[in-house]
file upload-v4.txt (compact mmCIF, C-alpha atoms and all ligand atoms)
# COMPACT_ATOMS: atom_id res chain seq x y z
CA MET B 1 61.11 87.98 -159.60
CA TYR B 2 60.21 90.87 -161.88
CA SER B 3 61.75 91.59 -165.24
CA GLN B 4 63.51 94.85 -164.40
CA VAL B 5 66.87 94.58 -162.72
CA ILE B 6 67.07 97.62 -160.49
CA ASP B 7 70.27 99.46 -161.28
CA GLU B 8 71.71 99.95 -157.82
CA GLN B 9 75.29 100.12 -156.66
CA PRO B 10 76.04 98.14 -153.52
CA VAL B 11 75.57 100.46 -150.55
CA SER B 12 76.49 100.20 -146.91
CA SER B 13 73.73 99.67 -144.35
CA ASP B 14 74.29 103.23 -143.05
CA GLU B 15 73.75 104.64 -146.54
CA LEU B 16 70.67 102.46 -146.97
CA ASN B 17 69.23 103.66 -143.67
CA ALA B 18 69.86 107.26 -144.71
CA GLN B 19 68.17 106.63 -148.07
CA GLU B 20 65.20 105.03 -146.34
CA ALA B 21 64.93 107.89 -143.85
CA LEU B 22 64.95 110.41 -146.70
CA PHE B 23 62.36 108.37 -148.56
CA GLN B 24 60.07 108.18 -145.50
CA GLU B 25 60.51 111.92 -144.96
CA LYS B 26 59.22 112.57 -148.50
CA ILE B 27 56.23 110.36 -147.82
CA ASP B 28 55.50 112.03 -144.49
CA ASN B 29 55.60 115.41 -146.24
CA ASP B 30 53.24 114.23 -148.97
CA ILE B 31 55.85 114.50 -151.71
CA LYS B 32 54.95 112.04 -154.45
CA ILE B 33 57.33 109.20 -155.28
CA GLU B 34 57.88 108.96 -159.03
CA PRO B 35 59.10 105.95 -161.06
CA ARG B 36 62.76 107.04 -161.27
CA ASP B 37 63.04 107.92 -157.59
CA TRP B 38 64.84 105.61 -155.19
CA MET B 39 62.43 103.40 -153.28
CA PRO B 40 62.83 100.46 -150.89
CA ASP B 41 62.34 97.05 -152.46
CA GLY B 42 59.37 96.34 -150.20
CA TYR B 43 57.63 99.53 -151.31
CA ARG B 44 58.05 98.57 -154.98
CA LYS B 45 56.84 95.00 -154.38
CA THR B 46 53.84 96.09 -152.31
CA LEU B 47 52.81 98.57 -154.97
CA ILE B 48 53.18 96.00 -157.75
CA ARG B 49 51.09 93.55 -155.73
CA GLN B 50 48.34 96.03 -154.90
CA ILE B 51 48.15 97.83 -158.25
CA SER B 52 48.23 94.62 -160.30
CA GLN B 53 45.57 93.00 -158.09
CA HIS B 54 43.52 96.13 -158.52
CA ALA B 55 43.97 95.98 -162.33
CA HIS B 56 42.98 92.30 -162.37
CA SER B 57 39.88 93.16 -160.32
CA GLU B 58 38.83 95.71 -162.91
CA ILE B 59 39.08 93.35 -165.87
CA VAL B 60 37.65 90.31 -164.09
CA GLY B 61 34.91 92.67 -162.87
CA MET B 62 33.82 93.13 -166.49
CA LEU B 63 32.64 89.50 -166.59
CA PRO B 64 29.65 89.37 -164.21
CA GLU B 65 28.12 92.50 -165.72
CA GLY B 66 29.16 91.74 -169.30
CA LYS B 67 26.90 88.71 -169.10
CA TRP B 68 23.86 91.04 -168.92
CA LEU B 69 24.71 93.18 -171.96
CA THR B 70 22.55 91.09 -174.26
CA ARG B 71 19.72 90.94 -171.73
CA ALA B 72 19.40 94.57 -170.63
CA PRO B 73 15.70 95.50 -170.60
CA SER B 74 15.98 98.55 -172.89
CA LEU B 75 18.36 100.16 -175.36
CA THR B 76 19.11 102.93 -172.85
CA ARG B 77 20.02 100.46 -170.10
CA LYS B 78 22.08 98.47 -172.59
CA SER B 79 24.12 101.50 -173.69
CA ILE B 80 24.70 102.59 -170.07
CA LEU B 81 25.88 99.11 -169.13
CA LEU B 82 28.05 98.88 -172.23
CA ALA B 83 29.75 102.17 -171.29
CA LYS B 84 30.26 101.00 -167.71
CA VAL B 85 31.82 97.69 -168.72
CA GLN B 86 34.10 99.52 -171.16
CA ASP B 87 35.10 101.93 -168.37
CA GLU B 88 36.19 98.99 -166.21
CA GLY B 89 38.38 97.74 -169.07
CA GLY B 90 39.92 101.22 -169.27
CA HIS B 91 40.59 101.24 -165.52
CA GLY B 92 42.41 97.95 -165.87
CA LEU B 93 44.59 99.46 -168.59
CA TYR B 94 45.52 102.60 -166.61
CA LEU B 95 46.38 100.42 -163.64
CA TYR B 96 48.48 97.93 -165.63
CA SER B 97 50.33 100.95 -167.06
CA ALA B 98 50.89 102.36 -163.56
CA ALA B 99 52.28 98.99 -162.41
CA GLU B 100 54.57 98.80 -165.47
CA THR B 101 56.32 101.99 -164.28
CA LEU B 102 57.61 99.87 -161.37
CA GLY B 103 59.42 97.42 -163.65
CA VAL B 104 56.93 94.58 -164.02
CA THR B 105 55.75 93.70 -167.52
CA ARG B 106 52.14 93.29 -168.56
CA ASP B 107 52.83 89.71 -169.63
CA GLU B 108 54.18 88.91 -166.16
CA MET B 109 51.05 90.33 -164.57
CA TYR B 110 48.75 88.40 -166.93
CA LEU B 111 50.70 85.22 -166.26
CA ALA B 112 50.30 85.72 -162.51
CA LEU B 113 46.53 86.14 -162.97
CA HIS B 114 46.13 83.23 -165.37
CA SER B 115 48.16 80.84 -163.21
CA GLY B 116 45.97 81.69 -160.20
CA LYS B 117 48.94 83.22 -158.35
CA ALA B 118 47.65 86.79 -158.32
CA LYS B 119 44.49 87.69 -156.49
CA TYR B 120 41.61 89.82 -157.70
CA SER B 121 38.71 91.13 -155.64
CA SER B 122 36.68 88.39 -153.96
CA ILE B 123 33.44 90.14 -154.97
CA PHE B 124 33.70 89.07 -158.60
CA ASN B 125 33.44 85.39 -157.70
CA TYR B 126 29.71 85.73 -157.05
CA PRO B 127 27.13 85.16 -159.82
CA THR B 128 24.79 87.80 -161.29
CA LEU B 129 21.46 85.98 -161.21
CA THR B 130 18.94 88.71 -162.10
CA TRP B 131 18.86 92.17 -163.69
CA ALA B 132 18.57 93.70 -160.20
CA ASP B 133 22.09 92.41 -159.49
CA ILE B 134 23.37 94.96 -162.01
CA GLY B 135 21.76 97.76 -160.00
CA VAL B 136 23.06 96.42 -156.70
CA ILE B 137 26.57 96.00 -158.11
CA GLY B 138 26.55 99.66 -159.14
CA TRP B 139 25.24 100.79 -155.77
CA LEU B 140 27.25 98.54 -153.44
CA VAL B 141 30.27 97.22 -155.36
CA ASP B 142 31.12 100.47 -157.10
CA GLY B 143 30.14 102.28 -153.90
CA ALA B 144 32.62 100.18 -151.91
CA ALA B 145 35.25 100.70 -154.62
CA ILE B 146 34.83 104.49 -154.36
CA MET B 147 35.02 104.42 -150.56
CA ASN B 148 38.34 102.61 -150.85
CA GLN B 149 39.73 104.43 -153.87
CA VAL B 150 38.94 108.11 -153.28
CA PRO B 151 41.60 108.25 -150.52
CA LEU B 152 44.04 106.50 -152.88
CA GLN B 153 44.03 109.63 -155.06
CA ARG B 154 46.31 111.00 -152.33
CA CYS B 155 48.53 107.91 -152.10
CA SER B 156 52.30 108.35 -152.22
CA TYR B 157 53.04 106.84 -155.63
CA GLY B 158 52.48 109.42 -158.38
CA PRO B 159 51.32 107.20 -161.28
CA TYR B 160 48.89 105.27 -159.04
CA ALA B 161 47.47 108.43 -157.45
CA ARG B 162 46.95 110.05 -160.87
CA ALA B 163 45.30 106.94 -162.36
CA MET B 164 42.97 106.93 -159.40
CA VAL B 165 41.67 110.45 -160.12
CA ARG B 166 40.09 109.45 -163.40
CA ILE B 167 38.99 106.06 -162.13
CA CYS B 168 37.13 107.62 -159.19
CA LYS B 169 35.26 110.05 -161.46
CA GLU B 170 34.01 107.14 -163.55
CA GLU B 171 33.24 104.94 -160.53
CA SER B 172 31.04 107.73 -159.15
CA PHE B 173 28.99 107.65 -162.32
CA HIS B 174 28.76 103.86 -162.01
CA GLN B 175 27.53 104.08 -158.43
CA ARG B 176 24.87 106.62 -159.33
CA GLN B 177 23.59 104.66 -162.31
CA GLY B 178 23.24 101.58 -160.09
CA PHE B 179 21.34 103.52 -157.46
CA GLU B 180 19.10 105.13 -160.09
CA MET B 181 18.33 101.69 -161.52
CA LEU B 182 17.34 100.49 -158.04
CA ILE B 183 15.10 103.52 -157.48
CA THR B 184 13.29 102.55 -160.70
CA LEU B 185 12.96 98.91 -159.61
CA CYS B 186 11.83 99.84 -156.10
CA LYS B 187 9.17 102.18 -157.43
CA GLY B 188 7.99 99.51 -159.85
CA LYS B 189 5.83 96.43 -159.37
CA PRO B 190 6.12 94.38 -156.14
CA VAL B 191 7.93 91.68 -158.08
CA GLN B 192 10.56 94.22 -159.20
CA LYS B 193 11.08 95.46 -155.67
CA ALA B 194 11.34 91.85 -154.46
CA MET B 195 14.03 91.26 -157.10
CA ALA B 196 15.98 94.28 -155.76
CA GLN B 197 15.66 93.01 -152.18
CA ASP B 198 16.84 89.55 -153.21
CA ALA B 199 19.89 91.06 -154.94
CA LEU B 200 20.68 93.15 -151.85
CA ASN B 201 20.40 90.03 -149.67
CA ARG B 202 22.98 88.23 -151.80
CA TRP B 203 25.46 91.12 -152.36
CA TRP B 204 25.50 92.87 -148.99
CA TRP B 205 27.94 90.65 -147.09
CA PRO B 206 30.31 90.03 -150.04
CA SER B 207 30.43 93.85 -150.49
CA LEU B 208 31.62 94.25 -146.90
CA MET B 209 34.34 91.67 -147.61
CA MET B 210 35.72 93.85 -150.41
CA PHE B 211 37.46 96.01 -147.79
CA GLY B 212 39.66 93.07 -146.80
CA PRO B 213 40.10 91.19 -143.53
CA PRO B 214 39.72 92.90 -140.13
CA ASP B 215 42.69 95.14 -139.32
CA ALA B 216 43.92 92.64 -136.74
CA ASP B 217 44.33 90.02 -139.51
CA SER B 218 45.48 92.37 -142.28
CA VAL B 219 49.05 91.38 -143.12
CA HIS B 220 49.93 94.47 -145.12
CA SER B 221 47.92 97.35 -143.65
CA ALA B 222 50.38 98.71 -141.06
CA GLN B 223 53.37 99.00 -143.42
CA SER B 224 51.23 100.05 -146.40
CA MET B 225 49.75 102.87 -144.32
CA ARG B 226 53.21 104.00 -143.19
CA TRP B 227 54.19 104.18 -146.86
CA LYS B 228 50.82 105.79 -147.80
CA ILE B 229 50.17 103.03 -150.29
CA LYS B 230 46.96 102.61 -148.30
CA MET B 231 45.47 105.66 -146.65
CA ASN B 232 43.03 103.96 -144.25
CA GLY B 233 42.59 100.68 -142.44
CA ASN B 234 40.16 98.06 -143.75
CA ASP B 235 37.79 98.34 -140.78
CA GLU B 236 37.59 102.14 -140.91
CA LEU B 237 36.47 102.08 -144.56
CA ARG B 238 34.05 99.21 -143.96
CA GLN B 239 32.44 101.21 -141.15
CA LYS B 240 32.12 104.33 -143.33
CA PHE B 241 30.55 102.23 -146.05
CA VAL B 242 27.92 100.80 -143.69
CA ASP B 243 27.14 104.30 -142.39
CA VAL B 244 26.61 105.59 -145.94
CA CYS B 245 24.52 102.60 -147.06
CA VAL B 246 22.01 102.47 -144.19
CA PRO B 247 20.14 105.70 -145.11
CA GLN B 248 20.40 104.85 -148.81
CA ALA B 249 18.69 101.48 -148.20
CA GLU B 250 16.00 103.30 -146.20
CA LEU B 251 15.42 105.68 -149.10
CA LEU B 252 14.99 102.70 -151.43
CA GLY B 253 12.67 100.99 -148.94
CA LEU B 254 14.96 97.94 -148.84
CA THR B 255 16.15 96.04 -145.78
CA ILE B 256 19.83 95.36 -145.24
CA PRO B 257 20.09 91.66 -144.34
CA ASP B 258 21.71 92.24 -140.95
CA ASN B 259 19.48 92.43 -137.88
CA LYS B 260 22.40 93.68 -135.79
CA ILE B 261 22.51 97.02 -137.61
CA ILE B 262 21.69 99.71 -135.08
CA TRP B 263 22.71 103.34 -134.59
CA ASN B 264 25.29 103.70 -131.82
CA GLU B 265 24.73 107.11 -130.23
CA GLU B 266 27.99 107.02 -128.29
CA TRP B 267 30.21 106.23 -131.28
CA GLN B 268 28.06 108.13 -133.79
CA GLN B 269 28.13 105.20 -136.18
CA HIS B 270 26.19 102.02 -136.91
CA ASP B 271 26.94 98.78 -135.13
CA PHE B 272 26.66 95.84 -137.49
CA GLY B 273 26.96 92.05 -137.48
CA GLU B 274 30.03 89.88 -137.98
CA VAL B 275 31.16 89.18 -141.54
CA ASN B 276 31.54 85.48 -142.33
CA TRP B 277 35.33 85.47 -142.68
CA ASP B 278 35.43 81.72 -143.37
CA GLU B 279 33.46 82.39 -146.54
CA PHE B 280 35.88 85.22 -147.47
CA TYR B 281 39.00 83.05 -147.07
CA ASN B 282 37.31 80.20 -148.90
CA VAL B 283 36.66 82.49 -151.89
CA LEU B 284 40.29 83.68 -151.75
CA LYS B 285 41.43 80.05 -151.89
CA GLY B 286 39.59 79.69 -155.21
CA ASN B 287 36.48 77.97 -153.89
CA GLY B 288 33.88 80.66 -154.55
CA VAL B 289 30.87 79.96 -156.79
CA CYS B 290 32.47 81.51 -159.88
CA ASN B 291 36.28 81.42 -159.31
CA ARG B 292 36.91 78.73 -161.90
CA GLU B 293 34.53 80.24 -164.45
CA ARG B 294 36.12 83.71 -164.10
CA LEU B 295 39.67 82.47 -164.49
CA LYS B 296 38.74 80.27 -167.43
CA ALA B 297 37.10 83.25 -169.18
CA ARG B 298 40.31 85.29 -168.79
CA VAL B 299 42.58 82.44 -169.93
CA ASP B 300 40.31 81.68 -172.92
CA ALA B 301 40.31 85.35 -173.92
CA TRP B 302 44.12 85.40 -173.76
CA GLU B 303 44.45 82.22 -175.82
CA ASP B 304 41.80 83.24 -178.35
CA GLY B 305 43.61 86.54 -178.85
CA ALA B 306 46.97 84.90 -179.61
CA TRP B 307 46.50 85.31 -183.38
CA VAL B 308 45.94 89.07 -182.96
CA ARG B 309 49.16 89.45 -180.96
CA ASP B 310 51.06 87.31 -183.51
CA ALA B 311 49.67 89.34 -186.42
CA ALA B 312 50.56 92.64 -184.72
CA LYS B 313 54.11 91.43 -184.03
CA ALA B 314 54.55 90.15 -187.62
CA TYR B 315 53.28 93.48 -188.96
CA ALA B 316 55.67 95.45 -186.71
CA VAL B 317 58.63 93.34 -187.89
CA LYS B 318 57.59 93.81 -191.53
CA ARG B 319 57.31 97.58 -191.11
CA GLN B 320 60.66 97.75 -189.37
CA ARG B 321 62.30 95.76 -192.19
CA SER B 322 60.77 97.91 -194.93
CA SER B 323 61.73 101.15 -193.16
CA SER B 324 65.34 100.01 -192.78
CA LEU B 325 65.67 99.19 -196.53
N1 LIG B 401 39.52 90.14 -152.37
C1 LIG B 401 40.62 89.42 -152.66
N2 LIG B 401 41.74 89.48 -151.89
C2 LIG B 401 41.73 90.31 -150.84
C3 LIG B 401 40.63 91.11 -150.50
C4 LIG B 401 39.48 90.99 -151.32
N3 LIG B 401 38.36 91.67 -151.07
N4 LIG B 401 40.94 91.82 -149.40
C5 LIG B 401 42.19 91.48 -149.06
N5 LIG B 401 42.65 90.56 -149.91
C6 LIG B 401 43.94 89.88 -149.87
C7 LIG B 401 45.09 90.85 -150.03
O1 LIG B 401 45.34 91.09 -151.39
C8 LIG B 401 46.20 90.11 -149.31
O2 LIG B 401 46.64 89.04 -150.15
P1 LIG B 401 48.18 88.88 -150.65
O3 LIG B 401 49.06 89.08 -149.46
O4 LIG B 401 48.24 87.51 -151.21
O5 LIG B 401 48.40 89.92 -151.68
C9 LIG B 401 45.48 89.45 -148.16
O6 LIG B 401 44.11 89.35 -148.56
C10 LIG B 401 45.60 90.18 -146.85
O7 LIG B 401 44.83 91.39 -146.84
P2 LIG B 401 45.45 92.81 -146.46
O8 LIG B 401 44.39 93.63 -145.82
O9 LIG B 401 46.71 92.65 -145.68
O10 LIG B 401 45.80 93.34 -147.92
P3 LIG B 401 45.94 94.83 -148.46
O11 LIG B 401 46.66 95.66 -147.49
O12 LIG B 401 46.44 94.74 -149.84
O13 LIG B 401 44.41 95.37 -148.49
C11 LIG B 401 42.81 96.00 -150.18
C12 LIG B 401 43.46 94.85 -149.39
C13 LIG B 401 42.01 96.85 -149.20
C14 LIG B 401 41.88 95.40 -151.23
C15 LIG B 401 43.93 96.85 -150.81
O14 LIG B 401 44.77 96.03 -151.58
C16 LIG B 401 43.45 97.97 -151.68
O15 LIG B 401 43.02 98.98 -151.17
N6 LIG B 401 43.56 97.81 -153.02
C17 LIG B 401 43.24 98.82 -153.98
C18 LIG B 401 41.81 98.76 -154.39
C19 LIG B 401 41.40 97.45 -155.01
O16 LIG B 401 42.18 96.64 -155.44
N7 LIG B 401 40.10 97.22 -155.07
C20 LIG B 401 39.57 96.00 -155.63
C21 LIG B 401 38.24 96.22 -156.09
S1 LIG B 401 38.30 97.07 -157.64
C22 LIG B 401 36.79 97.08 -158.14
O17 LIG B 401 36.03 96.78 -157.31
C23 LIG B 401 36.44 97.38 -159.55
C24 LIG B 401 35.34 98.36 -159.65
O18 LIG B 401 35.06 98.51 -160.98
C25 LIG B 401 34.12 98.01 -158.95
call {"tool": "encode", "arguments": {"input": "upload-v4.txt", "output": "structure tokens", "more": "lines below"}}
Ligand code: 3HC
result
Amino acid sequence: MYSQVIDEQPVSSDELNAQEALFQEKIDNDIKIEPRDWMPDGYRKTLIRQISQHAHSEIVGMLPEGKWLTRAPSLTRKSILLAKVQDEGGHGLYLYSAAETLGVTRDEMYLALHSGKAKYSSIFNYPTLTWADIGVIGWLVDGAAIMNQVPLQRCSYGPYARAMVRICKEESFHQRQGFEMLITLCKGKPVQKAMAQDALNRWWWPSLMMFGPPDADSVHSAQSMRWKIKMNGNDELRQKFVDVCVPQAELLGLTIPDNKIIWNEEWQQHDFGEVNWDEFYNVLKGNGVCNRERLKARVDAWEDGAWVRDAAKAYAVKRQRSSSL
């Protein structure tokens, strides 16, 4: 399926089992797996799937916020948003590079995205209707991303873990700028606070969906956690996220749109309502409000950039010819 043919001699099943046992031992002892190390096929494929989906999420994630660059209410807000959107582009590039170390090419990953075969985070198929959405995205979407990605700094695959260190630093800044923007809106006029509440109402449930389906329905979690490609289950991270957000919403004076949220003394965590999983799967099938628009924007950007790629290739060939004369 992927471009690299893995250079492996045929081995007996005993040898393979021994290799796998050794591999799992490294993982259990927190020894990083590096690109040239032996790894089971499933480990490689799972990493390619997860890292490339993560990369796609970063670059598709530039679109909903990018739309507000020309409408930011001040030069300061505009430059902060510009930096944030650029950061997301950078995250996509580190992640594509990390995936390339596993033998997949960037063109193959782009093709998978453009053909609709590869997934990207469901959250980016929702529209950004007001300026307050930009604040709520920083607070909740980047907040959810951090909750999920900080543990991935300790994941078993070296290039992914290292990419995650820098990404998490930048995501923390994004989360804080979103929260700071909401503090400003919530301390402003009633209409500004109402705009923040409306944005929270629309983004809360989709943010909880970012963590993926409940553990019982998560196809990959068990094996991915054994391989330390994922460090936590989807439900555990979702719960932590709710517990972090409740006091933050209180501080802002906003109401989380879930009347089932209540502190559970026994479990020392918040109970909360049921996510609408039908909506989640519907978005994954391509039927969210913005799925078509997002994919079209990526495909158009790829096609519009064809002349740049052609020119770069022609220039490289010309340089090669002149240097070999
Ligand atoms: N959106 C889209 N697809 C999702 C999803 C979501 N929120 N949650 C799960 N899925 C998909 C999975 O990709 C999988 O599909 P596949 O088999 O076709 O690949 C299927 O639903 C089953 O879910 P699983 O729980 O079994 O899948 P995973 O074990 O891969 O867990 C995950 C999903 C928790 C998202 C995990 O892949 C992960 O931790 N990924 C790394 C982080 C990441 O990609 N985050 C995306 C957001 S990045 C971002 O938000 C940008 C930032 O700038 C804000």
call {"tool": "residues_near_ligand", "arguments": {"input": "upload-v4.txt", "ligand": "ligand LIG 401 (chain B)", "cutoff": "6 Å", "atoms": "all atoms listed in the file", "output": "PDB file with C-alpha atoms, keeping the file's coordinate frame"}}
result
ATOM      1  CA  GLN B  50      48.340  96.030-154.900  1.00  0.00           C
ATOM      2  CA  GLN B  53      45.570  93.000-158.090  1.00  0.00           C
ATOM      3  CA  HIS B  54      43.520  96.130-158.520  1.00  0.00           C
ATOM      4  CA  SER B  57      39.880  93.160-160.320  1.00  0.00           C
ATOM      5  CA  GLU B  58      38.830  95.710-162.910  1.00  0.00           C
ATOM      6  CA  GLY B  61      34.910  92.670-162.870  1.00  0.00           C
ATOM      7  CA  GLU B  88      36.190  98.990-166.210  1.00  0.00           C
ATOM      8  CA  LYS B 119      44.490  87.690-156.490  1.00  0.00           C
ATOM      9  CA  TYR B 120      41.610  89.820-157.700  1.00  0.00           C
ATOM     10  CA  SER B 121      38.710  91.130-155.640  1.00  0.00           C
ATOM     11  CA  SER B 122      36.680  88.390-153.960  1.00  0.00           C
ATOM     12  CA  VAL B 141      30.270  97.220-155.360  1.00  0.00           C
ATOM     13  CA  ASP B 142      31.120 100.470-157.100  1.00  0.00           C
ATOM     14  CA  ALA B 145      35.250 100.700-154.620  1.00  0.00           C
ATOM     15  CA  ASN B 148      38.340 102.610-150.850  1.00  0.00           C
ATOM     16  CA  MET B 209      34.340  91.670-147.610  1.00  0.00           C
ATOM     17  CA  MET B 210      35.720  93.850-150.410  1.00  0.00           C
ATOM     18  CA  PHE B 211      37.460  96.010-147.790  1.00  0.00           C
ATOM     19  CA  GLY B 212      39.660  93.070-146.800  1.00  0.00           C
ATOM     20  CA  PRO B 213      40.100  91.190-143.530  1.00  0.00           C
ATOM     21  CA  SER B 218      45.480  92.370-142.280  1.00  0.00           C
ATOM     22  CA  VAL B 219      49.050  91.380-143.120  1.00  0.00           C
ATOM     23  CA  HIS B 220      49.930  94.470-145.120  1.00  0.00           C
ATOM     24  CA  SER B 221      47.920  97.350-143.650  1.00  0.00           C
ATOM     25  CA  ASN B 234      40.160  98.060-143.750  1.00  0.00           C
ATOM     26  CA  LEU B 284      40.290  83.680-151.750  1.00  0.00           C
TER      27      LEU B 284
END
call {"tool": "atom_distance", "arguments": {"input": "upload-v4.txt", "atom1": "atom CA of B:Gln268", "atom2": "atom CA of B:Asn201"}}
result
25.3 Å
call {"tool": "closest_residue", "arguments": {"input": "upload-v4.txt", "among": "B:Ile59, B:Val165, B:Ala132, B:Met181", "to": "B:Ile80", "atoms": "all atoms listed in the file"}}
result
B:Met181
call {"tool": "atom_distance", "arguments": {"input": "upload-v4.txt", "atom1": "atom CA of B:Asp235", "atom2": "atom CA of B:Asp215"}}
result
6.0 Å
call {"tool": "axis_aligned_box", "arguments": {"input": "upload-v4.txt", "around": "stretch 188-191 of chain B", "padding_each_side": "3 Å", "output": "lines of an AutoDock Vina configuration file"}}
result
center_x = 6.9
center_y = 95.6
center_z = -158.0
size_x = 8.2
size_y = 13.8
size_z = 9.7
call {"tool": "atom_distance", "arguments": {"input": "upload-v4.txt", "atom1": "atom CA of B:Gly158", "atom2": "atom CA of B:Pro35"}}
result
7.9 Å
call {"tool": "closest_atom_pairs", "arguments": {"input": "upload-v4.txt", "of": "stretch 82-144 of chain B", "to": "stretch 297-320 of chain B", "cutoff": "10 Å", "atoms": "only C-alpha atoms", "output": "tab-separated table"}}
result
residue	atom	partner	partner_atom	distance
B:Tyr110	CA	B:Trp302	CA	8.8
B:Leu111	CA	B:Val299	CA	9.3
B:Leu113	CA	B:Arg298	CA	8.6
B:His114	CA	B:Val299	CA	5.8
B:Ser115	CA	B:Val299	CA	8.9
call {"tool": "closest_residue", "arguments": {"input": "upload-v4.txt", "among": "B:Arg226, B:Lys296, B:Arg154, B:Arg71", "to": "B:Tyr43", "atoms": "only C-alpha atoms"}}
result
B:Arg226
call {"tool": "residues_around", "arguments": {"input": "upload-v4.txt", "residues": "B:Ala161", "least_positions_apart": "5", "cutoff": "9 Å", "atoms": "only C-alpha atoms", "output": "number ranges by chain"}}
result
B: 32, 152-156
call {"tool": "closest_residue", "arguments": {"input": "upload-v4.txt", "among": "B:Leu252, B:Ala55, B:Leu185, B:Ile27", "to": "B:Gly90", "atoms": "only C-alpha atoms"}}
result
B:Ala55
call {"tool": "residues_around", "arguments": {"input": "upload-v4.txt", "residues": "B:Pro159", "least_positions_apart": "5", "cutoff": "8 Å", "atoms": "only C-alpha atoms", "output": "ChimeraX atom specification"}}
result
/B:34-35,98,101
call {"tool": "write_last_selection", "arguments": {"input": "upload-v4.txt", "atoms": "C-alpha atoms", "output": "PDB file, keeping the file's coordinate frame"}}
result
ATOM      1  CA  GLU B  34      57.880 108.960-159.030  1.00  0.00           C
ATOM      2  CA  PRO B  35      59.100 105.950-161.060  1.00  0.00           C
ATOM      3  CA  ALA B  98      50.890 102.360-163.560  1.00  0.00           C
ATOM      4  CA  THR B 101      56.320 101.990-164.280  1.00  0.00           C
TER       5      THR B 101
END
call {"tool": "closest_residue", "arguments": {"input": "upload-v4.txt", "among": "B:Ala83, B:Met62, B:Val244, B:Ile229", "to": "B:Gly42", "atoms": "only C-alpha atoms"}}
result
B:Ile229
call {"tool": "residues_around", "arguments": {"input": "upload-v4.txt", "residues": "B:Trp203", "least_positions_apart": "6", "cutoff": "12 Å", "atoms": "all atoms listed in the file", "output": "mmCIF file with C-alpha atoms, in the frame of the given file"}}
result
data_model
loop_
_atom_site.group_PDB
_atom_site.id
_atom_site.type_symbol
_atom_site.label_atom_id
_atom_site.label_comp_id
_atom_site.auth_asym_id
_atom_site.auth_seq_id
_atom_site.Cartn_x
_atom_site.Cartn_y
_atom_site.Cartn_z
ATOM 1 C CA SER B 122 36.680 88.390 -153.960
ATOM 2 C CA ILE B 123 33.440 90.140 -154.970
ATOM 3 C CA PHE B 124 33.700 89.070 -158.600
ATOM 4 C CA ASN B 125 33.440 85.390 -157.700
ATOM 5 C CA TYR B 126 29.710 85.730 -157.050
ATOM 6 C CA PRO B 127 27.130 85.160 -159.820
ATOM 7 C CA THR B 128 24.790 87.800 -161.290
ATOM 8 C CA LEU B 129 21.460 85.980 -161.210
ATOM 9 C CA THR B 130 18.940 88.710 -162.100
ATOM 10 C CA ALA B 132 18.570 93.700 -160.200
ATOM 11 C CA ASP B 133 22.090 92.410 -159.490
ATOM 12 C CA ILE B 134 23.370 94.960 -162.010
ATOM 13 C CA GLY B 135 21.760 97.760 -160.000
ATOM 14 C CA VAL B 136 23.060 96.420 -156.700
ATOM 15 C CA ILE B 137 26.570 96.000 -158.110
ATOM 16 C CA GLY B 138 26.550 99.660 -159.140
ATOM 17 C CA TRP B 139 25.240 100.790 -155.770
ATOM 18 C CA LEU B 140 27.250 98.540 -153.440
ATOM 19 C CA VAL B 141 30.270 97.220 -155.360
ATOM 20 C CA ASP B 142 31.120 100.470 -157.100
ATOM 21 C CA ALA B 144 32.620 100.180 -151.910
ATOM 22 C CA ALA B 196 15.980 94.280 -155.760
ATOM 23 C CA GLN B 197 15.660 93.010 -152.180
ATOM 24 C CA MET B 209 34.340 91.670 -147.610
ATOM 25 C CA MET B 210 35.720 93.850 -150.410
ATOM 26 C CA ILE B 256 19.830 95.360 -145.240
ATOM 27 C CA PRO B 257 20.090 91.660 -144.340
#
call {"tool": "decode", "arguments": {"input": "upload-v4.txt", "residues": "stretch 156-178 of chain B", "atoms": "C-alpha atoms", "output": "short mmCIF file (atom, residue, chain, number, x, y, z; two decimals), in the first residue's frame"}}
result
data_model
loop_
_atom_site.label_atom_id
_atom_site.label_comp_id
_atom_site.auth_asym_id
_atom_site.auth_seq_id
_atom_site.Cartn_x
_atom_site.Cartn_y
_atom_site.Cartn_z
CA SER B 156 6.91 4.94 21.79
CA TYR B 157 7.85 6.23 18.33
CA GLY B 158 10.79 8.66 18.56
CA PRO B 159 10.03 11.05 15.67
CA TYR B 160 6.36 11.38 16.70
CA ALA B 161 7.19 11.92 20.38
CA ARG B 162 9.77 14.58 19.52
CA ALA B 163 7.45 16.41 17.10
CA MET B 164 4.87 16.46 19.84
CA VAL B 165 7.14 18.34 22.27
CA ARG B 166 7.25 21.45 20.12
CA ILE B 167 3.63 21.14 19.05
CA CYS B 168 2.44 21.02 22.66
CA LYS B 169 4.39 24.15 23.58
CA GLU B 170 2.70 26.05 20.77
CA GLU B 171 -0.74 24.56 21.48
CA SER B 172 -0.46 25.80 25.07
CA PHE B 173 0.03 29.32 23.80
CA HIS B 174 -2.99 28.86 21.51
CA GLN B 175 -5.16 27.69 24.39
CA ARG B 176 -4.17 30.64 26.55
CA GLN B 177 -4.76 33.21 23.83
CA GLY B 178 -8.25 31.77 23.27
#
